Amino acid sequence: MITFRKAQAADLPAIVAMLADDPLGAAREDASLPLAQGYLDAFDAIDADPNQLLAVAVEGGEVIGTLQISFLAGLSHKGAWRGQIEAVRVASHRRSGGIGQRMIDWAIVQCRARGCNLVQLTTDKSRADAHRFYERLGFTGSHLGYKKSL
């Protein structure tokens with residue numbers, strides 16, 4: 001049985017390993033142990049912020065998925081709150097089994113419970129499979145995003 005919960009510090013090695021386990025993540029993450037201090041500091045900041053939820057999917061004691069939800073207040077849409085879903089990953093040996101859809105469905109429930117009027121996410125332009133996945137779940141590619149490394 002798969003359950004979802006707020007991530008704990010002990011989950012960090014599994015979370016970082018999932019972030020590193022694809023072509024994009026392999027170039028920007030470092031799952032070697034002990035984990036870099038930056039991961040620990042980021043976890044502490046996320047954990048302390050009531051508008052952040054780092055979550056894991058767990059089955060049989062194994063962390064098999066992760067995502068982060070940022071709850072954002074905004075003036076547009078008549079002051080609507082929105083849920084920003086990021087860093088969605090499923091362990092490579094568990095992909096294509098419906099876990100990702102269950103994770104997104106769970107995340108949407110969390111956003112509704114927090115009073116969000118919309119849910120948004122970003123995914124890299126190169127992730128064609130992810131684009132199809134999110135469109136199948138009812139998301140639309142309505143915006144073009146930009147990033148700048150600092």
# chains A, B, ... in the order shown; residues from 1 in each chain; ligands from 1
$ select_by_dssp --residues "range 64-146 of chain A" --states "alpha helix (DSSP H)" --output "list in words"
Ser76, His77, Lys78, Gly79, Ile99, Gly100, Gln101, Arg102, Met103, Ile104, Asp105, Trp106, Ala107, Ile108, Val109, Gln110, Cys111, Arg112, Ala113, Ala128, Asp129, Ala130, His131, Arg132, Phe133, Tyr134, Glu135 and Arg136 of chain A
$ residues_around --residues "range 55-68 of chain A" --least-positions-apart "4" --cutoff "8 Å" --atoms "only C-alpha atoms" --output "PDB file with C-alpha atoms, in the first residue's frame"
ATOM      1  CA  MET A   1       0.000   0.000   0.000  1.00  0.00           C
ATOM      2  CA  ILE A   2       1.363   3.405  -1.001  1.00  0.00           C
ATOM      3  CA  THR A   3       1.082   6.211   1.541  1.00  0.00           C
ATOM      4  CA  PHE A   4       1.991   9.885   1.288  1.00  0.00           C
ATOM      5  CA  ARG A   5       3.508  11.982   4.054  1.00  0.00           C
ATOM      6  CA  LYS A   6       5.628  14.992   4.811  1.00  0.00           C
ATOM      7  CA  ALA A   7       9.281  14.180   4.193  1.00  0.00           C
ATOM      8  CA  ASP A  11      14.316  10.558   3.644  1.00  0.00           C
ATOM      9  CA  ALA A  14      16.390   8.675  -1.200  1.00  0.00           C
ATOM     10  CA  ILE A  15      14.959  12.024  -2.360  1.00  0.00           C
ATOM     11  CA  MET A  18      15.622  10.295  -7.249  1.00  0.00           C
ATOM     12  CA  ILE A  85       4.201  21.580  -7.718  1.00  0.00           C
ATOM     13  CA  GLU A  86       7.908  20.999  -8.292  1.00  0.00           C
ATOM     14  CA  ALA A  87      10.541  18.253  -8.364  1.00  0.00           C
ATOM     15  CA  VAL A  88       8.145  15.392  -9.073  1.00  0.00           C
ATOM     16  CA  ARG A  89      10.110  12.157  -9.175  1.00  0.00           C
ATOM     17  CA  VAL A  90       9.324   8.460  -8.995  1.00  0.00           C
ATOM     18  CA  ALA A  91      12.063   5.911  -8.270  1.00  0.00           C
ATOM     19  CA  ARG A  94       8.757   2.018 -10.024  1.00  0.00           C
ATOM     20  CA  ILE A  99       2.528   6.202  -8.893  1.00  0.00           C
ATOM     21  CA  GLY A 100       3.105   9.595 -10.528  1.00  0.00           C
ATOM     22  CA  MET A 103       1.183  11.599  -6.337  1.00  0.00           C
TER      23      MET A 103
END
$ closest_atom_pairs --of "range 36-126 of chain A" --to "range 131-149 of chain A" --cutoff "12 Å" --atoms "only C-alpha atoms" --output "JSON lines"
{"residue": "A:Ile85", "atom": "CA", "partner": "A:Tyr134", "partner_atom": "CA", "distance": 11.5}
{"residue": "A:Val88", "atom": "CA", "partner": "A:Tyr134", "partner_atom": "CA", "distance": 11.1}
{"residue": "A:Ser96", "atom": "CA", "partner": "A:Phe133", "partner_atom": "CA", "distance": 10.4}
{"residue": "A:Gly98", "atom": "CA", "partner": "A:Phe133", "partner_atom": "CA", "distance": 10.6}
{"residue": "A:Ile99", "atom": "CA", "partner": "A:Phe133", "partner_atom": "CA", "distance": 11.8}
{"residue": "A:Gly100", "atom": "CA", "partner": "A:Phe133", "partner_atom": "CA", "distance": 8.8}
{"residue": "A:Gln101", "atom": "CA", "partner": "A:Leu137", "partner_atom": "CA", "distance": 7.6}
{"residue": "A:Arg102", "atom": "CA", "partner": "A:Leu137", "partner_atom": "CA", "distance": 10.5}
{"residue": "A:Met103", "atom": "CA", "partner": "A:Leu137", "partner_atom": "CA", "distance": 11.4}
{"residue": "A:Ile104", "atom": "CA", "partner": "A:Leu137", "partner_atom": "CA", "distance": 8.5}
{"residue": "A:Asp105", "atom": "CA", "partner": "A:Leu137", "partner_atom": "CA", "distance": 8.8}
{"residue": "A:Ile108", "atom": "CA", "partner": "A:Leu137", "partner_atom": "CA", "distance": 11.0}
{"residue": "A:Leu118", "atom": "CA", "partner": "A:Phe139", "partner_atom": "CA", "distance": 10.5}
{"residue": "A:Val119", "atom": "CA", "partner": "A:Phe139", "partner_atom": "CA", "distance": 8.8}
{"residue": "A:Gln120", "atom": "CA", "partner": "A:Phe139", "partner_atom": "CA", "distance": 8.0}
{"residue": "A:Leu121", "atom": "CA", "partner": "A:Phe139", "partner_atom": "CA", "distance": 8.7}
{"residue": "A:Thr122", "atom": "CA", "partner": "A:Gly145", "partner_atom": "CA", "distance": 7.8}
{"residue": "A:Thr123", "atom": "CA", "partner": "A:His131", "partner_atom": "CA", "distance": 7.4}
{"residue": "A:Asp124", "atom": "CA", "partner": "A:His131", "partner_atom": "CA", "distance": 8.8}
{"residue": "A:Lys125", "atom": "CA", "partner": "A:His131", "partner_atom": "CA", "distance": 8.3}
{"residue": "A:Ser126", "atom": "CA", "partner": "A:His131", "partner_atom": "CA", "distance": 9.0}
$ write_last_selection --atoms "all heavy atoms" --output "short mmCIF file (atom, residue, chain, number, x, y, z; two decimals), in the first residue's frame"
data_model
loop_
_atom_site.label_atom_id
_atom_site.label_comp_id
_atom_site.auth_asym_id
_atom_site.auth_seq_id
_atom_site.Cartn_x
_atom_site.Cartn_y
_atom_site.Cartn_z
N ILE A 85 3.64 22.93 -7.89
CA ILE A 85 4.20 21.58 -7.72
C ILE A 85 5.54 21.53 -8.44
O ILE A 85 5.64 21.90 -9.61
CB ILE A 85 3.24 20.50 -8.26
CG1 ILE A 85 1.88 20.59 -7.55
CG2 ILE A 85 3.86 19.12 -8.11
CD1 ILE A 85 0.82 19.69 -8.16
N VAL A 88 8.89 16.65 -9.11
CA VAL A 88 8.15 15.39 -9.07
C VAL A 88 9.05 14.28 -9.59
O VAL A 88 9.55 14.35 -10.71
CB VAL A 88 6.87 15.48 -9.94
CG1 VAL A 88 6.12 14.16 -9.93
CG2 VAL A 88 5.98 16.63 -9.48
N SER A 96 6.12 4.17 -14.47
CA SER A 96 5.10 3.62 -15.38
C SER A 96 4.13 2.68 -14.69
O SER A 96 3.51 1.84 -15.35
CB SER A 96 5.76 2.91 -16.58
OG SER A 96 6.56 3.81 -17.30
N GLY A 98 1.71 4.03 -12.40
CA GLY A 98 0.61 4.82 -11.88
C GLY A 98 0.94 5.62 -10.62
O GLY A 98 0.08 6.34 -10.11
N ILE A 99 2.16 5.50 -10.12
CA ILE A 99 2.53 6.20 -8.89
C ILE A 99 2.53 7.71 -9.11
O ILE A 99 2.05 8.47 -8.28
CB ILE A 99 3.89 5.70 -8.36
CG1 ILE A 99 3.76 4.23 -7.94
CG2 ILE A 99 4.37 6.56 -7.20
CD1 ILE A 99 5.08 3.53 -7.71
N GLY A 100 3.06 8.16 -10.24
CA GLY A 100 3.11 9.59 -10.53
C GLY A 100 1.71 10.21 -10.52
O GLY A 100 1.51 11.29 -9.95
N GLN A 101 0.76 9.54 -11.14
CA GLN A 101 -0.61 10.06 -11.15
C GLN A 101 -1.18 10.11 -9.74
O GLN A 101 -1.82 11.10 -9.36
CB GLN A 101 -1.51 9.22 -12.04
CG GLN A 101 -2.94 9.75 -12.04
CD GLN A 101 -3.84 9.08 -13.05
OE1 GLN A 101 -3.39 8.36 -13.93
NE2 GLN A 101 -5.13 9.32 -12.92
N ARG A 102 -0.92 9.10 -8.95
CA ARG A 102 -1.41 9.11 -7.57
C ARG A 102 -0.77 10.24 -6.77
O ARG A 102 -1.42 10.88 -5.95
CB ARG A 102 -1.15 7.76 -6.91
CG ARG A 102 -2.05 6.66 -7.50
CD ARG A 102 -1.89 5.34 -6.83
NE ARG A 102 -2.21 5.42 -5.41
CZ ARG A 102 -1.97 4.44 -4.54
NH1 ARG A 102 -1.41 3.32 -4.96
NH2 ARG A 102 -2.27 4.58 -3.27
N MET A 103 0.50 10.51 -7.03
CA MET A 103 1.18 11.60 -6.34
C MET A 103 0.57 12.95 -6.71
O MET A 103 0.33 13.78 -5.83
CB MET A 103 2.68 11.58 -6.67
CG MET A 103 3.44 10.44 -6.03
SD MET A 103 5.15 10.24 -6.63
CE MET A 103 5.78 11.90 -6.56
N ILE A 104 0.34 13.17 -8.00
CA ILE A 104 -0.25 14.44 -8.44
C ILE A 104 -1.67 14.58 -7.90
O ILE A 104 -2.05 15.65 -7.43
CB ILE A 104 -0.21 14.56 -9.97
CG1 ILE A 104 1.24 14.63 -10.47
CG2 ILE A 104 -1.00 15.78 -10.44
CD1 ILE A 104 2.04 15.84 -10.00
N ASP A 105 -2.45 13.51 -7.95
CA ASP A 105 -3.80 13.56 -7.38
C ASP A 105 -3.75 13.93 -5.91
O ASP A 105 -4.53 14.76 -5.44
CB ASP A 105 -4.51 12.21 -7.55
CG ASP A 105 -4.88 11.89 -8.99
OD1 ASP A 105 -4.85 12.80 -9.84
OD2 ASP A 105 -5.18 10.70 -9.26
N ILE A 108 -2.89 17.64 -5.49
CA ILE A 108 -4.04 18.50 -5.77
C ILE A 108 -4.98 18.54 -4.58
O ILE A 108 -5.51 19.61 -4.23
CB ILE A 108 -4.74 18.05 -7.06
CG1 ILE A 108 -3.83 18.35 -8.27
CG2 ILE A 108 -6.10 18.70 -7.22
CD1 ILE A 108 -4.29 17.73 -9.57
N LEU A 118 -5.91 27.35 -7.91
CA LEU A 118 -5.32 26.69 -9.07
C LEU A 118 -4.04 26.01 -8.67
O LEU A 118 -3.45 26.32 -7.63
CB LEU A 118 -5.10 27.67 -10.24
CG LEU A 118 -4.08 28.77 -10.11
CD1 LEU A 118 -2.78 28.34 -10.77
CD2 LEU A 118 -4.59 30.01 -10.84
N VAL A 119 -3.65 25.07 -9.50
CA VAL A 119 -2.40 24.33 -9.31
C VAL A 119 -1.58 24.53 -10.57
O VAL A 119 -2.12 24.47 -11.68
CB VAL A 119 -2.68 22.82 -9.10
CG1 VAL A 119 -1.38 22.04 -8.98
CG2 VAL A 119 -3.54 22.59 -7.89
N GLN A 120 -0.32 24.79 -10.39
CA GLN A 120 0.56 24.99 -11.54
C GLN A 120 1.84 24.21 -11.33
O GLN A 120 2.17 23.83 -10.20
CB GLN A 120 0.86 26.47 -11.75
CG GLN A 120 1.56 27.13 -10.58
CD GLN A 120 1.61 28.65 -10.71
OE1 GLN A 120 0.75 29.27 -11.32
NE2 GLN A 120 2.64 29.24 -10.13
N LEU A 121 2.54 23.96 -12.42
CA LEU A 121 3.82 23.27 -12.33
C LEU A 121 4.66 23.65 -13.53
O LEU A 121 4.15 24.20 -14.50
CB LEU A 121 3.63 21.76 -12.24
CG LEU A 121 2.80 21.07 -13.31
CD1 LEU A 121 3.63 20.75 -14.54
CD2 LEU A 121 2.21 19.79 -12.75
N THR A 122 5.93 23.37 -13.42
CA THR A 122 6.82 23.54 -14.56
C THR A 122 7.52 22.22 -14.80
O THR A 122 7.67 21.39 -13.89
CB THR A 122 7.88 24.64 -14.30
OG1 THR A 122 8.66 24.28 -13.16
CG2 THR A 122 7.22 25.99 -14.08
N THR A 123 7.92 22.02 -16.02
CA THR A 123 8.72 20.86 -16.38
C THR A 123 9.65 21.29 -17.51
O THR A 123 9.30 22.16 -18.31
CB THR A 123 7.83 19.67 -16.79
OG1 THR A 123 8.66 18.53 -17.05
CG2 THR A 123 6.98 19.96 -17.99
N ASP A 124 10.82 20.73 -17.54
CA ASP A 124 11.81 21.11 -18.54
C ASP A 124 11.28 20.86 -19.95
O ASP A 124 10.59 19.87 -20.20
CB ASP A 124 13.10 20.30 -18.30
CG ASP A 124 14.26 20.84 -19.08
OD1 ASP A 124 14.42 20.44 -20.26
OD2 ASP A 124 15.00 21.68 -18.54
N LYS A 125 11.62 21.75 -20.87
CA LYS A 125 11.17 21.62 -22.26
C LYS A 125 11.56 20.28 -22.89
O LYS A 125 10.88 19.79 -23.77
CB LYS A 125 11.75 22.75 -23.12
CG LYS A 125 11.06 24.06 -22.98
CD LYS A 125 11.66 25.05 -23.96
CE LYS A 125 10.83 26.29 -24.06
NZ LYS A 125 11.35 27.19 -25.11
N SER A 126 12.66 19.70 -22.43
CA SER A 126 13.16 18.46 -23.03
C SER A 126 12.39 17.22 -22.56
O SER A 126 12.57 16.14 -23.12
CB SER A 126 14.64 18.29 -22.71
OG SER A 126 14.83 18.04 -21.32
#
$ atom_distance --atom1 "CA of Asp47 in chain A" --atom2 "CA of Ala113 in chain A"
18.7 Å
$ closest_residue --among "A:Cys116, A:Lys78, A:Leu33, A:Cys111" --to "Leu53 in chain A" --atoms "only C-alpha atoms"
A:Cys111
$ residues_around --residues "range 35-43 of chain A" --least-positions-apart "3" --cutoff "10 Å" --atoms "only C-alpha atoms" --output "VMD selection string"
chain A and resid 7 to 9 12 to 13 16 29 to 32 46 to 48 54
$ write_last_selection --atoms "all heavy atoms" --output "mmCIF file, in the first residue's frame"
data_model
loop_
_atom_site.group_PDB
_atom_site.id
_atom_site.type_symbol
_atom_site.label_atom_id
_atom_site.label_comp_id
_atom_site.auth_asym_id
_atom_site.auth_seq_id
_atom_site.Cartn_x
_atom_site.Cartn_y
_atom_site.Cartn_z
ATOM 1 N N ALA A 7 7.943 14.769 4.161
ATOM 2 C CA ALA A 7 9.281 14.180 4.193
ATOM 3 C C ALA A 7 9.966 14.460 5.529
ATOM 4 O O ALA A 7 9.722 15.491 6.164
ATOM 5 C CB ALA A 7 10.129 14.732 3.058
ATOM 6 N N GLN A 8 10.813 13.535 5.917
ATOM 7 C CA GLN A 8 11.622 13.655 7.129
ATOM 8 C C GLN A 8 13.088 13.695 6.712
ATOM 9 O O GLN A 8 13.450 13.242 5.618
ATOM 10 C CB GLN A 8 11.363 12.452 8.044
ATOM 11 C CG GLN A 8 9.912 12.300 8.432
ATOM 12 C CD GLN A 8 9.619 10.932 9.045
ATOM 13 O OE1 GLN A 8 10.480 10.063 9.148
ATOM 14 N NE2 GLN A 8 8.373 10.750 9.453
ATOM 15 N N ALA A 9 13.919 14.202 7.586
ATOM 16 C CA ALA A 9 15.345 14.318 7.270
ATOM 17 C C ALA A 9 15.938 12.965 6.841
ATOM 18 O O ALA A 9 16.782 12.917 5.946
ATOM 19 C CB ALA A 9 16.107 14.890 8.464
ATOM 20 N N LEU A 12 16.068 12.165 3.071
ATOM 21 C CA LEU A 12 16.865 12.957 2.138
ATOM 22 C C LEU A 12 17.734 12.140 1.180
ATOM 23 O O LEU A 12 17.763 12.444 -0.011
ATOM 24 C CB LEU A 12 17.726 13.971 2.890
ATOM 25 C CG LEU A 12 17.051 15.289 3.199
ATOM 26 C CD1 LEU A 12 17.955 16.176 4.044
ATOM 27 C CD2 LEU A 12 16.617 16.008 1.948
ATOM 28 N N PRO A 13 18.466 11.121 1.623
ATOM 29 C CA PRO A 13 19.266 10.366 0.654
ATOM 30 C C PRO A 13 18.424 9.773 -0.479
ATOM 31 O O PRO A 13 18.827 9.834 -1.646
ATOM 32 C CB PRO A 13 19.926 9.278 1.503
ATOM 33 C CG PRO A 13 20.017 9.891 2.870
ATOM 34 C CD PRO A 13 18.738 10.688 3.008
ATOM 35 N N VAL A 16 17.221 12.777 -2.817
ATOM 36 C CA VAL A 16 18.293 13.282 -3.672
ATOM 37 C C VAL A 16 18.666 12.249 -4.730
ATOM 38 O O VAL A 16 18.926 12.605 -5.889
ATOM 39 C CB VAL A 16 19.512 13.717 -2.833
ATOM 40 C CG1 VAL A 16 20.691 14.109 -3.731
ATOM 41 C CG2 VAL A 16 19.135 14.885 -1.915
ATOM 42 N N GLU A 29 22.862 17.273 -9.766
ATOM 43 C CA GLU A 29 22.711 16.777 -8.391
ATOM 44 C C GLU A 29 23.893 15.900 -8.016
ATOM 45 O O GLU A 29 24.620 15.409 -8.877
ATOM 46 C CB GLU A 29 21.403 15.983 -8.248
ATOM 47 C CG GLU A 29 20.150 16.712 -8.684
ATOM 48 C CD GLU A 29 19.820 17.986 -7.922
ATOM 49 O OE1 GLU A 29 20.398 18.223 -6.831
ATOM 50 O OE2 GLU A 29 18.994 18.763 -8.414
ATOM 51 N N ASP A 30 24.060 15.690 -6.721
ATOM 52 C CA ASP A 30 25.130 14.840 -6.205
ATOM 53 C C ASP A 30 24.548 13.991 -5.081
ATOM 54 O O ASP A 30 24.360 14.466 -3.963
ATOM 55 C CB ASP A 30 26.281 15.695 -5.682
ATOM 56 C CG ASP A 30 27.404 14.869 -5.083
ATOM 57 O OD1 ASP A 30 27.366 13.614 -5.170
ATOM 58 O OD2 ASP A 30 28.331 15.470 -4.508
ATOM 59 N N ALA A 31 24.258 12.747 -5.390
ATOM 60 C CA ALA A 31 23.627 11.851 -4.419
ATOM 61 C C ALA A 31 24.636 11.112 -3.550
ATOM 62 O O ALA A 31 24.246 10.268 -2.743
ATOM 63 C CB ALA A 31 22.734 10.848 -5.149
ATOM 64 N N SER A 32 25.929 11.434 -3.676
ATOM 65 C CA SER A 32 26.921 10.731 -2.863
ATOM 66 C C SER A 32 26.737 11.084 -1.388
ATOM 67 O O SER A 32 26.285 12.169 -1.040
ATOM 68 C CB SER A 32 28.337 11.066 -3.342
ATOM 69 O OG SER A 32 28.611 12.440 -3.182
ATOM 70 N N ILE A 46 12.861 24.376 4.061
ATOM 71 C CA ILE A 46 11.560 23.908 3.576
ATOM 72 C C ILE A 46 10.716 23.420 4.746
ATOM 73 O O ILE A 46 9.531 23.766 4.866
ATOM 74 C CB ILE A 46 11.750 22.788 2.532
ATOM 75 C CG1 ILE A 46 12.387 23.344 1.257
ATOM 76 C CG2 ILE A 46 10.423 22.088 2.214
ATOM 77 C CD1 ILE A 46 12.959 22.277 0.335
ATOM 78 N N ASP A 47 11.321 22.635 5.608
ATOM 79 C CA ASP A 47 10.606 22.053 6.743
ATOM 80 C C ASP A 47 10.076 23.116 7.698
ATOM 81 O O ASP A 47 9.026 22.937 8.316
ATOM 82 C CB ASP A 47 11.531 21.075 7.476
ATOM 83 C CG ASP A 47 10.795 20.167 8.430
ATOM 84 O OD1 ASP A 47 9.786 19.561 8.027
ATOM 85 O OD2 ASP A 47 11.239 20.068 9.593
ATOM 86 N N ALA A 48 10.790 24.229 7.814
ATOM 87 C CA ALA A 48 10.391 25.295 8.742
ATOM 88 C C ALA A 48 9.347 26.243 8.155
ATOM 89 O O ALA A 48 8.757 27.028 8.889
ATOM 90 C CB ALA A 48 11.627 26.093 9.163
ATOM 91 N N LEU A 54 7.332 19.403 1.397
ATOM 92 C CA LEU A 54 8.137 18.389 0.724
ATOM 93 C C LEU A 54 7.543 17.060 1.140
ATOM 94 O O LEU A 54 7.482 16.748 2.334
ATOM 95 C CB LEU A 54 9.603 18.493 1.136
ATOM 96 C CG LEU A 54 10.557 17.473 0.523
ATOM 97 C CD1 LEU A 54 10.604 17.602 -0.996
ATOM 98 C CD2 LEU A 54 11.949 17.631 1.120
#
$ atom_distance --atom1 "CA of Gly97 in chain A" --atom2 "CA of Ala10 in chain A"
25.1 Å
$ residues_around --residues "Asn117 in chain A" --least-positions-apart "6" --cutoff "6 Å" --atoms "only C-alpha atoms" --output "VMD selection string"
chain A and resid 80 to 82
$ select_by_dssp --residues "range 49-83 of chain A" --states "strand (DSSP E or B)" --output "PyMOL selection string"
chain A and resi 52-59+62-73+81-83
$ write_last_selection --atoms "N, CA, C and O atoms" --output "PDB file, in the first residue's frame"
ATOM      1  N   GLN A  52       5.478  25.576   2.512  1.00  0.00           N
ATOM      2  CA  GLN A  52       6.212  24.575   1.737  1.00  0.00           C
ATOM      3  C   GLN A  52       5.844  23.188   2.252  1.00  0.00           C
ATOM      4  O   GLN A  52       5.730  22.990   3.463  1.00  0.00           O
ATOM      5  N   LEU A  53       5.697  22.257   1.332  1.00  0.00           N
ATOM      6  CA  LEU A  53       5.451  20.863   1.712  1.00  0.00           C
ATOM      7  C   LEU A  53       6.296  19.963   0.824  1.00  0.00           C
ATOM      8  O   LEU A  53       6.035  19.851  -0.379  1.00  0.00           O
ATOM      9  N   LEU A  54       7.332  19.403   1.397  1.00  0.00           N
ATOM     10  CA  LEU A  54       8.137  18.389   0.724  1.00  0.00           C
ATOM     11  C   LEU A  54       7.543  17.060   1.140  1.00  0.00           C
ATOM     12  O   LEU A  54       7.482  16.748   2.334  1.00  0.00           O
ATOM     13  N   ALA A  55       7.070  16.292   0.171  1.00  0.00           N
ATOM     14  CA  ALA A  55       6.350  15.058   0.479  1.00  0.00           C
ATOM     15  C   ALA A  55       7.019  13.864  -0.172  1.00  0.00           C
ATOM     16  O   ALA A  55       7.756  14.002  -1.164  1.00  0.00           O
ATOM     17  N   VAL A  56       6.753  12.696   0.391  1.00  0.00           N
ATOM     18  CA  VAL A  56       7.245  11.443  -0.178  1.00  0.00           C
ATOM     19  C   VAL A  56       6.101  10.451  -0.299  1.00  0.00           C
ATOM     20  O   VAL A  56       5.135  10.489   0.464  1.00  0.00           O
ATOM     21  N   ALA A  57       6.237   9.585  -1.283  1.00  0.00           N
ATOM     22  CA  ALA A  57       5.373   8.418  -1.428  1.00  0.00           C
ATOM     23  C   ALA A  57       6.171   7.239  -0.891  1.00  0.00           C
ATOM     24  O   ALA A  57       7.344   7.067  -1.241  1.00  0.00           O
ATOM     25  N   VAL A  58       5.538   6.447  -0.041  1.00  0.00           N
ATOM     26  CA  VAL A  58       6.239   5.351   0.640  1.00  0.00           C
ATOM     27  C   VAL A  58       5.439   4.066   0.464  1.00  0.00           C
ATOM     28  O   VAL A  58       4.215   4.070   0.579  1.00  0.00           O
ATOM     29  N   GLU A  59       6.149   2.998   0.201  1.00  0.00           N
ATOM     30  CA  GLU A  59       5.520   1.678   0.158  1.00  0.00           C
ATOM     31  C   GLU A  59       6.456   0.688   0.817  1.00  0.00           C
ATOM     32  O   GLU A  59       7.639   0.607   0.459  1.00  0.00           O
ATOM     33  N   GLU A  62       9.820   1.874   1.937  1.00  0.00           N
ATOM     34  CA  GLU A  62      10.727   2.415   0.921  1.00  0.00           C
ATOM     35  C   GLU A  62      10.143   3.699   0.336  1.00  0.00           C
ATOM     36  O   GLU A  62       8.980   3.745  -0.057  1.00  0.00           O
ATOM     37  N   VAL A  63      10.967   4.738   0.260  1.00  0.00           N
ATOM     38  CA  VAL A  63      10.564   5.989  -0.393  1.00  0.00           C
ATOM     39  C   VAL A  63      10.636   5.748  -1.903  1.00  0.00           C
ATOM     40  O   VAL A  63      11.710   5.462  -2.440  1.00  0.00           O
ATOM     41  N   ILE A  64       9.484   5.841  -2.572  1.00  0.00           N
ATOM     42  CA  ILE A  64       9.422   5.542  -4.004  1.00  0.00           C
ATOM     43  C   ILE A  64       9.029   6.746  -4.858  1.00  0.00           C
ATOM     44  O   ILE A  64       8.986   6.651  -6.083  1.00  0.00           O
ATOM     45  N   GLY A  65       8.751   7.876  -4.215  1.00  0.00           N
ATOM     46  CA  GLY A  65       8.402   9.077  -4.959  1.00  0.00           C
ATOM     47  C   GLY A  65       8.540  10.300  -4.085  1.00  0.00           C
ATOM     48  O   GLY A  65       8.549  10.207  -2.853  1.00  0.00           O
ATOM     49  N   THR A  66       8.657  11.459  -4.734  1.00  0.00           N
ATOM     50  CA  THR A  66       8.748  12.722  -4.010  1.00  0.00           C
ATOM     51  C   THR A  66       8.213  13.848  -4.857  1.00  0.00           C
ATOM     52  O   THR A  66       8.175  13.756  -6.090  1.00  0.00           O
ATOM     53  N   LEU A  67       7.778  14.885  -4.197  1.00  0.00           N
ATOM     54  CA  LEU A  67       7.409  16.139  -4.839  1.00  0.00           C
ATOM     55  C   LEU A  67       7.399  17.228  -3.790  1.00  0.00           C
ATOM     56  O   LEU A  67       7.385  16.947  -2.592  1.00  0.00           O
ATOM     57  N   GLN A  68       7.439  18.471  -4.263  1.00  0.00           N
ATOM     58  CA  GLN A  68       7.367  19.615  -3.363  1.00  0.00           C
ATOM     59  C   GLN A  68       6.229  20.504  -3.825  1.00  0.00           C
ATOM     60  O   GLN A  68       6.076  20.755  -5.016  1.00  0.00           O
ATOM     61  N   ILE A  69       5.441  20.984  -2.863  1.00  0.00           N
ATOM     62  CA  ILE A  69       4.381  21.946  -3.141  1.00  0.00           C
ATOM     63  C   ILE A  69       4.718  23.246  -2.423  1.00  0.00           C
ATOM     64  O   ILE A  69       4.986  23.240  -1.216  1.00  0.00           O
ATOM     65  N   SER A  70       4.719  24.345  -3.174  1.00  0.00           N
ATOM     66  CA  SER A  70       4.835  25.676  -2.582  1.00  0.00           C
ATOM     67  C   SER A  70       3.461  26.313  -2.666  1.00  0.00           C
ATOM     68  O   SER A  70       2.850  26.345  -3.736  1.00  0.00           O
ATOM     69  N   PHE A  71       2.972  26.792  -1.546  1.00  0.00           N
ATOM     70  CA  PHE A  71       1.678  27.460  -1.496  1.00  0.00           C
ATOM     71  C   PHE A  71       1.936  28.956  -1.620  1.00  0.00           C
ATOM     72  O   PHE A  71       2.614  29.553  -0.768  1.00  0.00           O
ATOM     73  N   LEU A  72       1.436  29.551  -2.703  1.00  0.00           N
ATOM     74  CA  LEU A  72       1.766  30.926  -3.053  1.00  0.00           C
ATOM     75  C   LEU A  72       0.550  31.825  -2.980  1.00  0.00           C
ATOM     76  O   LEU A  72      -0.465  31.569  -3.646  1.00  0.00           O
ATOM     77  N   ALA A  73       0.667  32.898  -2.211  1.00  0.00           N
ATOM     78  CA  ALA A  73      -0.375  33.921  -2.184  1.00  0.00           C
ATOM     79  C   ALA A  73      -0.119  34.870  -3.342  1.00  0.00           C
ATOM     80  O   ALA A  73       1.032  35.137  -3.694  1.00  0.00           O
ATOM     81  N   TRP A  81      -4.885  31.935  -3.911  1.00  0.00           N
ATOM     82  CA  TRP A  81      -3.720  31.127  -3.577  1.00  0.00           C
ATOM     83  C   TRP A  81      -3.539  30.105  -4.689  1.00  0.00           C
ATOM     84  O   TRP A  81      -4.509  29.643  -5.288  1.00  0.00           O
ATOM     85  N   ARG A  82      -2.310  29.748  -4.941  1.00  0.00           N
ATOM     86  CA  ARG A  82      -2.023  28.698  -5.923  1.00  0.00           C
ATOM     87  C   ARG A  82      -1.026  27.714  -5.334  1.00  0.00           C
ATOM     88  O   ARG A  82      -0.217  28.081  -4.481  1.00  0.00           O
ATOM     89  N   GLY A  83      -1.106  26.513  -5.807  1.00  0.00           N
ATOM     90  CA  GLY A  83      -0.143  25.491  -5.422  1.00  0.00           C
ATOM     91  C   GLY A  83       0.832  25.295  -6.561  1.00  0.00           C
ATOM     92  O   GLY A  83       0.420  25.043  -7.689  1.00  0.00           O
TER      93      GLY A  83
END
